[in-house]
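**Q** Before I ask anything, here is the structure I am working with.
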Amino acid sequence: MTQRPPDGAPRYPAVVPELRHPAGTFDVLPPESGRWVSLVTTFARVAASAGYGLVITPTFEDVAVFQRVGESTDVVRKEMYDFDDRGGRHVALRPEMTASVVRAYIQHRPAAPWKVWYAGSNFRYERPQAGRHREFHQVGIEAFGSADADLDVEVMALGWEYYAALGLRRIDLVLNSLGDATCRPGYRDLLLAYLLEHCAELCEEHQGRLGDNPLRVLDCKKPECRAVTAGAPRQTDHLCDDCSAHFARVRAGLEALGIAYRIEPALVRGLDYYTRTTFEYTGLALDGAQNAVGGGGRYDGLVAEMGGNETPGIGFALGLERILLACDAEGLAGDGAAGVEAFVVDFAGGEAARDLTAELRAAGLRAERSFDGRSPKAQFKAADRSGASIALVVGPDEAAAGRVTLKDLRRPPAEPGRLQRPPAEPGRLQRPPAERAGQVTLAREDVVAEVCRRVRARAEVG
Ligand code: HAM
């Protein structure tokens with residue numbers, strides 16, 4: 001263990017151990033990271049299409065922010081990364097973002113309705129496995145200030161639209177209503193009475209903790225609890241008139257928009273703040289254990305419970321790691337990192353590479369170069385690896401003449417045994433030899449415009 005000397009500066013071990021990312025976390029490197037860029041930019045576009053603005057909150061908060069997420073939930077009881085910081089404050093890395101966004105809403109009092117989206121990482125101390133990580137990433141939305149069932153429909157439709165925009169086809173929307181402060185207590189008592197009758201058949205954990213929150217038993221995946229809850233009373237059969245009308249309007253809205261859903265009375269979700277509408281998106285192409293690619297619901301009591309004015313709210317969060325697994329399972333490779341469009345090969349001192357890449361980038365193109373005065377061969381290799389379709393070559397001859405050779409790196413290779421150069425048509429002038437070989441030499445001042453023209457033409461073709 002690293003010990004601290006009296007001055008407080010950390011003392012590091014003499015031999016550096018092999019350093020790896022912590023268990024349950026991972027690194028994302030290019031080109032894979034290009035898929036993450038498109039996951040977030042696509043979400044930003046879908047959220048903005050319905051008037052949601054980006055909100056950014058801290059990755060850690062006072063632990064009290066998350067206690068309302070649910071004292072009876074695994075997320076708070078077992079999985080939270082909480083600790084005392086150097087100032088003695090008890091803080092926690094966020095296990096989810098809704099509570100942080102509610103805290104921000106109460107603190108800043110924006111005008112309602114307030115519709116926001118977010119993207120970021122969350123931390124839960126869980127047993128790592130495919131689709132379950134200790135640091136994982138979500139995109140999500142939250143909407144405050146309206147209890148209108150049509151807002152529930154808007155929220156669920158946006159998640160749906162996002163999956164569709166990514167090309168995912170095999171997603172199921174699972175829906176339930178958990179009632180409200182009027183009808184939930186009565187249902188809770190009914191459920192508790194039923195579970196007490198069957199207490200001996202429940203899993204060990206739930207036999208001991210039935211009274212904490214009997215709804216948690218509905219969420220238990222163990223076969224013994226499942227066998228009991230299959231016959232349990234259902235909240236949807238015990239909704240008050242208002243909740244019943246709200247749920248009917250939600251269902252009618254989804255049907256009007258052509259969004260297929262399945263009602264699942266046991267869907268209570270792993271957080272305690274939900275009222276009325278709760279939902280999950282299931283990836284049908286994924287393994288059953290971690291197939292929830294997103295979930296959310298209404299939390300009409302949470303703002304008041306956290307110290308704000310009575311304000312209804314609803315939202316969802318979607319897990320990016322699981323969405324990528326679903327994309328893989330559905331054969332959607334997605335975009336890799338966007339490669340560069342032009343590569344400057346300069347073996348005449350490097351000034352042209354320095355200036356041309358800057359000019360190309362200022363013109364909106366993606367341009368790269370080599371550093372350290374590498375050999376022409378090494379630079380051409382780097383140009384090939386970069387994915388550029390165009391190389392701009394500046395050797396001593398070009399530099400002296402104020403010219404640049406533009407080389408097309410995407411020419412189809414000549415078929416073996418065939419002439420590389422088409423025979424000239426009789427009576428027509430042959431093009432200059434440089435052009436025939438897929439390259440052309442241009443005046444320095446014309447190069448950037450010519451690269452722009454070619455890149456644009458290529459984009460139009462496909
Ligand atoms: P959640 O169901 O806890 O809800 O998480 C939402 C999604 O995050 C899950 O469906 C899953 O895709 C992903 N996820 C959760 N835990 C992990 C993990 N350990 N590893 C990988 N992915 C994971 C919430 O977080 C609520 N804040 C959603 C919400 C927003 N409700 C209302 N507004």
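Ligands are numbered from 1 in the order shown, residues from 1 within each chain, and chains are lettered A, B, ... in the order they appear in the structure tokens.
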Contacts between range 134-158 of chain A and range 203-262 of chain A, please, where a residue of range 203-262 of chain A counts if it comes within 7 Å (with only C-alpha atoms); show its shortest atom pair and distance in Å to one decimal, rows by chain and ascending number, as CSV.
**A**
residue,atom,partner,partner_atom,distance
A:His246,CA,A:Ala149,CA,5.7
A:Arg249,CA,A:Ala149,CA,6.1
A:Val250,CA,A:Ala149,CA,5.4
A:Gly253,CA,A:Val153,CA,6.0
A:Leu254,CA,A:Val153,CA,6.1
**Q** Give the residue list for ligand 1 at 6 Å, counting only C-alpha atoms and all ligand atoms, as a list in words, sorted by chain and then by residue number.
**A**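 If we count only C-alpha atoms and all ligand atoms, the neighbours of ligand 1 turn out to be Glu96, Met97, Thr98, Arg124, Gly131, Arg132, His133, Arg134, Phe136, Gln138, Glu142, Ala292, Val293, Gly294, Gly295, Gly296, Gly297, Ile314, Gly315, Phe316, Ala317, Leu318, Gly319, Glu321 and Arg322 of chain A.
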**Q** Convert the current residue selection to file output with C-alpha atoms, as a CSV table (one decimal), in the first residue's frame.
**A**
chain,number,residue,atom,x,y,z
A,96,GLU,CA,-27.6,7.6,-11.8
A,97,MET,CA,-28.3,11.0,-13.1
A,98,THR,CA,-32.0,11.7,-12.3
A,124,ARG,CA,-22.3,1.2,-9.3
A,131,GLY,CA,-23.3,-5.3,-20.1
A,132,ARG,CA,-22.8,-4.7,-16.4
A,133,HIS,CA,-19.9,-2.4,-15.4
A,134,ARG,CA,-18.8,-0.4,-12.4
A,136,PHE,CA,-21.0,2.8,-17.3
A,138,GLN,CA,-25.9,6.8,-20.1
A,142,GLU,CA,-35.8,14.5,-17.8
A,292,ALA,CA,-32.5,-3.7,-20.5
A,293,VAL,CA,-31.0,-1.2,-22.9
A,294,GLY,CA,-32.8,1.7,-21.1
A,295,GLY,CA,-35.6,2.5,-18.7
A,296,GLY,CA,-37.4,5.3,-17.0
A,297,GLY,CA,-40.7,6.6,-15.7
A,314,ILE,CA,-40.6,12.1,-16.0
A,315,GLY,CA,-37.5,10.8,-17.8
A,316,PHE,CA,-35.4,7.9,-19.0
A,317,ALA,CA,-31.8,6.8,-19.1
A,318,LEU,CA,-30.3,4.5,-21.8
A,319,GLY,CA,-27.2,2.5,-21.2
A,321,GLU,CA,-22.6,-0.1,-23.4
A,322,ARG,CA,-25.8,-2.3,-23.8
**Q** For CA of Glu368 in chain A and CA of Thr42 in chain A, determine how far apart the two atoms are, in Å to one decimal place.
**A**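 Spanning CA of Glu368 in chain A to CA of Thr42 in chain A is a straight-line distance of 26.1 Å.
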**Q** Mind checking which residues fall within 10 Å of Leu406 in chain A, counting only C-alpha atoms, ignoring those fewer than 3 positions away in the same chain, and posting them as a ChimeraX atom specification?
**A** /A:342-344,390-394,403,409,434-435,438-442,447,450-451
**Q** Can those selected residues be exported to a file as a PDB file, in the first residue's frame so that it contains N, CA and C atoms?
**A**
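The file below, selection_17.pdb, is the result:
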ATOM      1  N   ALA A 342      -7.387  14.301 -46.094  1.00  0.00           N
ATOM      2  CA  ALA A 342      -6.162  14.599 -46.843  1.00  0.00           C
ATOM      3  C   ALA A 342      -4.957  14.450 -45.929  1.00  0.00           C
ATOM      4  N   PHE A 343      -3.860  13.974 -46.503  1.00  0.00           N
ATOM      5  CA  PHE A 343      -2.620  13.802 -45.734  1.00  0.00           C
ATOM      6  C   PHE A 343      -1.506  14.515 -46.485  1.00  0.00           C
ATOM      7  N   VAL A 344      -0.786  15.367 -45.784  1.00  0.00           N
ATOM      8  CA  VAL A 344       0.297  16.107 -46.442  1.00  0.00           C
ATOM      9  C   VAL A 344       1.619  15.378 -46.214  1.00  0.00           C
ATOM     10  N   ILE A 390      -6.731  11.472 -50.220  1.00  0.00           N
ATOM     11  CA  ILE A 390      -5.861  12.340 -51.024  1.00  0.00           C
ATOM     12  C   ILE A 390      -4.546  12.571 -50.273  1.00  0.00           C
ATOM     13  N   ALA A 391      -3.422  12.400 -50.989  1.00  0.00           N
ATOM     14  CA  ALA A 391      -2.132  12.818 -50.417  1.00  0.00           C
ATOM     15  C   ALA A 391      -1.668  14.058 -51.167  1.00  0.00           C
ATOM     16  N   LEU A 392      -1.185  15.017 -50.411  1.00  0.00           N
ATOM     17  CA  LEU A 392      -0.577  16.198 -51.031  1.00  0.00           C
ATOM     18  C   LEU A 392       0.921  16.077 -50.811  1.00  0.00           C
ATOM     19  N   VAL A 393       1.682  15.979 -51.900  1.00  0.00           N
ATOM     20  CA  VAL A 393       3.097  15.653 -51.786  1.00  0.00           C
ATOM     21  C   VAL A 393       3.942  16.878 -52.115  1.00  0.00           C
ATOM     22  N   VAL A 394       4.839  17.203 -51.214  1.00  0.00           N
ATOM     23  CA  VAL A 394       5.756  18.321 -51.446  1.00  0.00           C
ATOM     24  C   VAL A 394       7.183  17.827 -51.217  1.00  0.00           C
ATOM     25  N   ARG A 403       4.830  24.377 -56.212  1.00  0.00           N
ATOM     26  CA  ARG A 403       3.734  23.495 -56.636  1.00  0.00           C
ATOM     27  C   ARG A 403       3.535  22.370 -55.619  1.00  0.00           C
ATOM     28  N   LEU A 409      -5.327   8.570 -53.434  1.00  0.00           N
ATOM     29  CA  LEU A 409      -4.967   7.310 -52.771  1.00  0.00           C
ATOM     30  C   LEU A 409      -6.045   6.247 -52.915  1.00  0.00           C
ATOM     31  N   ALA A 434       1.435  12.715 -65.523  1.00  0.00           N
ATOM     32  CA  ALA A 434       1.182  12.758 -64.087  1.00  0.00           C
ATOM     33  C   ALA A 434      -0.284  12.502 -63.780  1.00  0.00           C
ATOM     34  N   GLU A 435      -1.200  13.052 -64.548  1.00  0.00           N
ATOM     35  CA  GLU A 435      -2.636  12.908 -64.347  1.00  0.00           C
ATOM     36  C   GLU A 435      -3.053  11.451 -64.561  1.00  0.00           C
ATOM     37  N   GLY A 438      -2.966   8.920 -61.708  1.00  0.00           N
ATOM     38  CA  GLY A 438      -3.763   9.220 -60.523  1.00  0.00           C
ATOM     39  C   GLY A 438      -3.182  10.367 -59.727  1.00  0.00           C
ATOM     40  N   GLN A 439      -2.360  11.162 -60.370  1.00  0.00           N
ATOM     41  CA  GLN A 439      -1.839  12.318 -59.648  1.00  0.00           C
ATOM     42  C   GLN A 439      -1.710  13.505 -60.583  1.00  0.00           C
ATOM     43  N   VAL A 440      -1.754  14.662 -59.983  1.00  0.00           N
ATOM     44  CA  VAL A 440      -1.689  15.875 -60.770  1.00  0.00           C
ATOM     45  C   VAL A 440      -0.896  16.901 -59.967  1.00  0.00           C
ATOM     46  N   THR A 441      -0.137  17.707 -60.688  1.00  0.00           N
ATOM     47  CA  THR A 441       0.649  18.718 -59.978  1.00  0.00           C
ATOM     48  C   THR A 441      -0.016  20.080 -60.163  1.00  0.00           C
ATOM     49  N   LEU A 442      -0.234  20.736 -59.052  1.00  0.00           N
ATOM     50  CA  LEU A 442      -0.991  21.998 -59.074  1.00  0.00           C
ATOM     51  C   LEU A 442      -0.163  23.129 -58.481  1.00  0.00           C
ATOM     52  N   VAL A 447      -4.294  24.485 -54.462  1.00  0.00           N
ATOM     53  CA  VAL A 447      -4.436  23.126 -53.926  1.00  0.00           C
ATOM     54  C   VAL A 447      -5.637  22.962 -53.001  1.00  0.00           C
ATOM     55  N   GLU A 450      -8.887  22.722 -54.765  1.00  0.00           N
ATOM     56  CA  GLU A 450      -9.027  21.477 -55.522  1.00  0.00           C
ATOM     57  C   GLU A 450      -9.349  20.299 -54.584  1.00  0.00           C
ATOM     58  N   VAL A 451      -8.710  20.272 -53.399  1.00  0.00           N
ATOM     59  CA  VAL A 451      -9.008  19.188 -52.448  1.00  0.00           C
ATOM     60  C   VAL A 451     -10.470  19.306 -52.001  1.00  0.00           C
TER      61      VAL A 451
END
**Q** Which of these, A:Glu310, A:Glu280, A:Glu264, A:Asp346, has the shortest distance to Asp172 in chain A once you count only C-alpha atoms?
**A**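 Closest to Asp172 in chain A, using only C-alpha atoms: A:Glu280.
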**Q** Here is a test: counting only C-alpha atoms, which residue of A:Leu202, A:Cys452, A:Ala338, A:Ala248 is nearest to Gly34 in chain A?
**A**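 Using only C-alpha atoms, the shortest distance to Gly34 in chain A belongs to A:Ala338.
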**Q** Name the residues of range 277-356 of chain A that come out as alpha helix (DSSP H) in a backbone DSSP run; write them as a PDB file with N, CA and C atoms, in the first residue's frame.
**A**
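What follows is the written file states.pdb:
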ATOM      1  N   LEU A 302     -40.747  13.209  -6.382  1.00  0.00           N
ATOM      2  CA  LEU A 302     -39.322  13.303  -6.031  1.00  0.00           C
ATOM      3  C   LEU A 302     -38.841  14.730  -5.766  1.00  0.00           C
ATOM      4  N   VAL A 303     -39.298  15.678  -6.577  1.00  0.00           N
ATOM      5  CA  VAL A 303     -38.821  17.062  -6.407  1.00  0.00           C
ATOM      6  C   VAL A 303     -39.204  17.555  -5.008  1.00  0.00           C
ATOM      7  N   ALA A 304     -40.445  17.300  -4.600  1.00  0.00           N
ATOM      8  CA  ALA A 304     -40.886  17.740  -3.269  1.00  0.00           C
ATOM      9  C   ALA A 304     -40.130  16.990  -2.176  1.00  0.00           C
ATOM     10  N   GLU A 305     -39.926  15.682  -2.382  1.00  0.00           N
ATOM     11  CA  GLU A 305     -39.195  14.894  -1.373  1.00  0.00           C
ATOM     12  C   GLU A 305     -37.775  15.399  -1.183  1.00  0.00           C
ATOM     13  N   LEU A 320     -25.354   3.066 -22.708  1.00  0.00           N
ATOM     14  CA  LEU A 320     -24.642   3.033 -23.993  1.00  0.00           C
ATOM     15  C   LEU A 320     -23.905   1.715 -24.226  1.00  0.00           C
ATOM     16  N   GLU A 321     -23.349   1.117 -23.164  1.00  0.00           N
ATOM     17  CA  GLU A 321     -22.637  -0.150 -23.361  1.00  0.00           C
ATOM     18  C   GLU A 321     -23.595  -1.204 -23.899  1.00  0.00           C
ATOM     19  N   ARG A 322     -24.793  -1.242 -23.319  1.00  0.00           N
ATOM     20  CA  ARG A 322     -25.760  -2.270 -23.762  1.00  0.00           C
ATOM     21  C   ARG A 322     -26.301  -1.953 -25.153  1.00  0.00           C
ATOM     22  N   ILE A 323     -26.425  -0.669 -25.455  1.00  0.00           N
ATOM     23  CA  ILE A 323     -26.879  -0.303 -26.804  1.00  0.00           C
ATOM     24  C   ILE A 323     -25.848  -0.776 -27.829  1.00  0.00           C
ATOM     25  N   LEU A 324     -24.562  -0.625 -27.503  1.00  0.00           N
ATOM     26  CA  LEU A 324     -23.531  -1.103 -28.438  1.00  0.00           C
ATOM     27  C   LEU A 324     -23.590  -2.629 -28.570  1.00  0.00           C
ATOM     28  N   LEU A 325     -23.844  -3.311 -27.444  1.00  0.00           N
ATOM     29  CA  LEU A 325     -23.980  -4.776 -27.531  1.00  0.00           C
ATOM     30  C   LEU A 325     -25.163  -5.136 -28.433  1.00  0.00           C
ATOM     31  N   ALA A 326     -26.260  -4.381 -28.284  1.00  0.00           N
ATOM     32  CA  ALA A 326     -27.443  -4.650 -29.120  1.00  0.00           C
ATOM     33  C   ALA A 326     -27.121  -4.375 -30.587  1.00  0.00           C
ATOM     34  N   CYS A 327     -26.357  -3.301 -30.846  1.00  0.00           N
ATOM     35  CA  CYS A 327     -25.963  -3.000 -32.237  1.00  0.00           C
ATOM     36  C   CYS A 327     -25.142  -4.158 -32.789  1.00  0.00           C
ATOM     37  N   ASP A 328     -24.188  -4.649 -31.988  1.00  0.00           N
ATOM     38  CA  ASP A 328     -23.367  -5.775 -32.449  1.00  0.00           C
ATOM     39  C   ASP A 328     -24.264  -6.978 -32.742  1.00  0.00           C
ATOM     40  N   ALA A 329     -25.184  -7.247 -31.807  1.00  0.00           N
ATOM     41  CA  ALA A 329     -26.039  -8.427 -31.961  1.00  0.00           C
ATOM     42  C   ALA A 329     -26.958  -8.305 -33.175  1.00  0.00           C
ATOM     43  N   GLU A 351       7.674  22.850 -43.814  1.00  0.00           N
ATOM     44  CA  GLU A 351       6.876  24.086 -43.760  1.00  0.00           C
ATOM     45  C   GLU A 351       5.550  23.916 -44.504  1.00  0.00           C
ATOM     46  N   ALA A 352       5.603  23.232 -45.647  1.00  0.00           N
ATOM     47  CA  ALA A 352       4.374  23.043 -46.426  1.00  0.00           C
ATOM     48  C   ALA A 352       3.372  22.210 -45.635  1.00  0.00           C
ATOM     49  N   ALA A 353       3.873  21.169 -44.932  1.00  0.00           N
ATOM     50  CA  ALA A 353       2.964  20.341 -44.127  1.00  0.00           C
ATOM     51  C   ALA A 353       2.324  21.192 -43.039  1.00  0.00           C
ATOM     52  N   ARG A 354       3.149  22.020 -42.395  1.00  0.00           N
ATOM     53  CA  ARG A 354       2.632  22.876 -41.317  1.00  0.00           C
ATOM     54  C   ARG A 354       1.535  23.807 -41.847  1.00  0.00           C
ATOM     55  N   ASP A 355       1.828  24.476 -42.976  1.00  0.00           N
ATOM     56  CA  ASP A 355       0.907  25.510 -43.448  1.00  0.00           C
ATOM     57  C   ASP A 355      -0.307  24.915 -44.166  1.00  0.00           C
ATOM     58  N   LEU A 356      -0.047  23.863 -44.965  1.00  0.00           N
ATOM     59  CA  LEU A 356      -1.169  23.285 -45.738  1.00  0.00           C
ATOM     60  C   LEU A 356      -2.199  22.615 -44.828  1.00  0.00           C
TER      61      LEU A 356
END
**Q** So which one's closest to Ser386 in chain A, A:Glu224, A:Pro31, A:Arg374, A:Ala200? Using only C-alpha atoms, please.
**A**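 Closest to Ser386 in chain A of all the choices is A:Pro31.
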**Q** DSSP on the backbone: which residues in range 171-259 of chain A end up as strand (DSSP E or B)? Give the answer as a list in words.
**A**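 Across range 171-259 of chain A, those assigned strand (DSSP E or B) are Ile171, Asp172, Leu173, Val174, Leu175, Asn176 and Ser177 of chain A.
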**Q** Using only C-alpha atoms for the distances, tell me which of A:Ala399, A:Val174, A:Leu191, A:Met306 is nearest to Ala443 in chain A.
**A**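 So, comparing all the options, the nearest one is A:Ala399.
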**Q** With a distance cut-off of 7 Å and only C-alpha atoms, select the neighbouring residues of Gly387 in chain A, excluding the residue or stretch itself and same-chain residues fewer than 4 positions from it, and output the selection as a list in words.
**A**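 So the residues in contact are Gly339, Val340 and Ala383 of chain A.
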**Q** Provide the CA of Val69 in chain A to CA of Asp272 in chain A distance in Å, to one decimal place.
**A**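 So the answer is 5.6 Å.
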**Q** What's the separation between CA of Ala99 in chain A and CA of Phe66 in chain A, in Å to one decimal place?
**A**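 CA of Phe66 in chain A lies 6.0 Å from CA of Ala99 in chain A.
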**Q** For Gly53 in chain A, find every residue with an atom within 7 Å (counting only C-alpha atoms), except residues of its own chain fewer than 3 positions away, and show them as number ranges by chain.
**A** A: 48, 115-117
**Q** Quick one: everything within 12 Å of Ala227 in chain A, counting only C-alpha atoms, minus sequence neighbours fewer than 2 positions away in the same chain. Send it as a list in words.
**A**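 Listed by chain and then number, they are Leu195, His198, Cys199, Glu201, Leu202, Cys203, Val217, Leu218, Cys220, Lys221, Lys222, Pro223, Glu224, Cys225, Thr229, Ala230, Gly231 and Ala232 of chain A.
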**Q** Can you write just those residues out, C-alpha atoms, as an mmCIF file, in the first residue's frame?
**A**
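Everything below was put into again31.cif:
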data_model
loop_
_atom_site.group_PDB
_atom_site.id
_atom_site.type_symbol
_atom_site.label_atom_id
_atom_site.label_comp_id
_atom_site.auth_asym_id
_atom_site.auth_seq_id
_atom_site.Cartn_x
_atom_site.Cartn_y
_atom_site.Cartn_z
ATOM 1 C CA LEU A 195 -46.184 -11.987 0.284
ATOM 2 C CA HIS A 198 -45.891 -16.936 1.004
ATOM 3 C CA CYS A 199 -42.932 -15.657 3.012
ATOM 4 C CA GLU A 201 -41.165 -19.569 -0.299
ATOM 5 C CA LEU A 202 -39.266 -16.323 -0.997
ATOM 6 C CA CYS A 203 -35.484 -16.036 -1.449
ATOM 7 C CA VAL A 217 -39.805 -8.470 -4.325
ATOM 8 C CA LEU A 218 -41.557 -7.986 -7.690
ATOM 9 C CA CYS A 220 -36.326 -10.014 -7.742
ATOM 10 C CA LYS A 221 -34.991 -12.256 -10.504
ATOM 11 C CA LYS A 222 -34.523 -15.353 -8.292
ATOM 12 C CA PRO A 223 -36.756 -18.282 -9.367
ATOM 13 C CA GLU A 224 -38.243 -18.764 -5.873
ATOM 14 C CA CYS A 225 -39.434 -15.126 -5.732
ATOM 15 C CA THR A 229 -44.863 -13.058 -7.571
ATOM 16 C CA ALA A 230 -46.440 -14.722 -10.626
ATOM 17 C CA GLY A 231 -49.671 -14.960 -8.596
ATOM 18 C CA ALA A 232 -49.315 -11.635 -6.724
#
**Q** Of the candidates A:Gly186, A:Gly301, A:Pro22, A:Gly307, which shows the shortest atom-to-atom distance to Ala64 in chain A, using only C-alpha atoms?
**A**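 Nearest candidate to Ala64 in chain A out of A:Gly186, A:Gly301, A:Pro22, A:Gly307: A:Gly307.
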**Q** If we count only C-alpha atoms and set the cut-off at 12 Å, which residues sit around Pro110 in chain A, ignoring sequence neighbours fewer than 2 positions away in its own chain? Please answer as a list in words.
**A**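 In the requested form, the answer reads Val55, Val101, Val102, Arg103, Ala104, Tyr105, Ile106, Gln107, His108, Ala112, Pro113, Trp114, Lys115, Val116, Ala143, Phe144, Gly145, Gly308 and Thr311 of chain A.
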**Q** Keeping C-alpha atoms, export the residues of the selection given above as a PDB file, in the first residue's frame.
**A**
ATOM      1  CA  VAL A  55     -27.685  19.813 -18.736  1.00  0.00           C
ATOM      2  CA  VAL A 101     -30.772  16.706 -12.271  1.00  0.00           C
ATOM      3  CA  VAL A 102     -33.564  17.053  -9.696  1.00  0.00           C
ATOM      4  CA  ARG A 103     -31.055  18.635  -7.295  1.00  0.00           C
ATOM      5  CA  ALA A 104     -30.013  21.076 -10.042  1.00  0.00           C
ATOM      6  CA  TYR A 105     -33.675  21.867 -10.819  1.00  0.00           C
ATOM      7  CA  ILE A 106     -34.394  22.663  -7.169  1.00  0.00           C
ATOM      8  CA  GLN A 107     -31.199  24.694  -6.780  1.00  0.00           C
ATOM      9  CA  HIS A 108     -31.561  26.857  -9.916  1.00  0.00           C
ATOM     10  CA  ALA A 112     -41.182  24.964 -15.944  1.00  0.00           C
ATOM     11  CA  PRO A 113     -41.679  23.066 -18.141  1.00  0.00           C
ATOM     12  CA  TRP A 114     -37.963  22.319 -18.021  1.00  0.00           C
ATOM     13  CA  LYS A 115     -36.805  19.725 -20.529  1.00  0.00           C
ATOM     14  CA  VAL A 116     -33.174  18.591 -20.455  1.00  0.00           C
ATOM     15  CA  ALA A 143     -38.869  16.734 -18.162  1.00  0.00           C
ATOM     16  CA  PHE A 144     -40.238  18.720 -15.206  1.00  0.00           C
ATOM     17  CA  GLY A 145     -43.453  20.566 -14.623  1.00  0.00           C
ATOM     18  CA  GLY A 308     -38.406  21.558  -3.880  1.00  0.00           C
ATOM     19  CA  THR A 311     -43.358  19.379  -9.369  1.00  0.00           C
TER      20      THR A 311
END
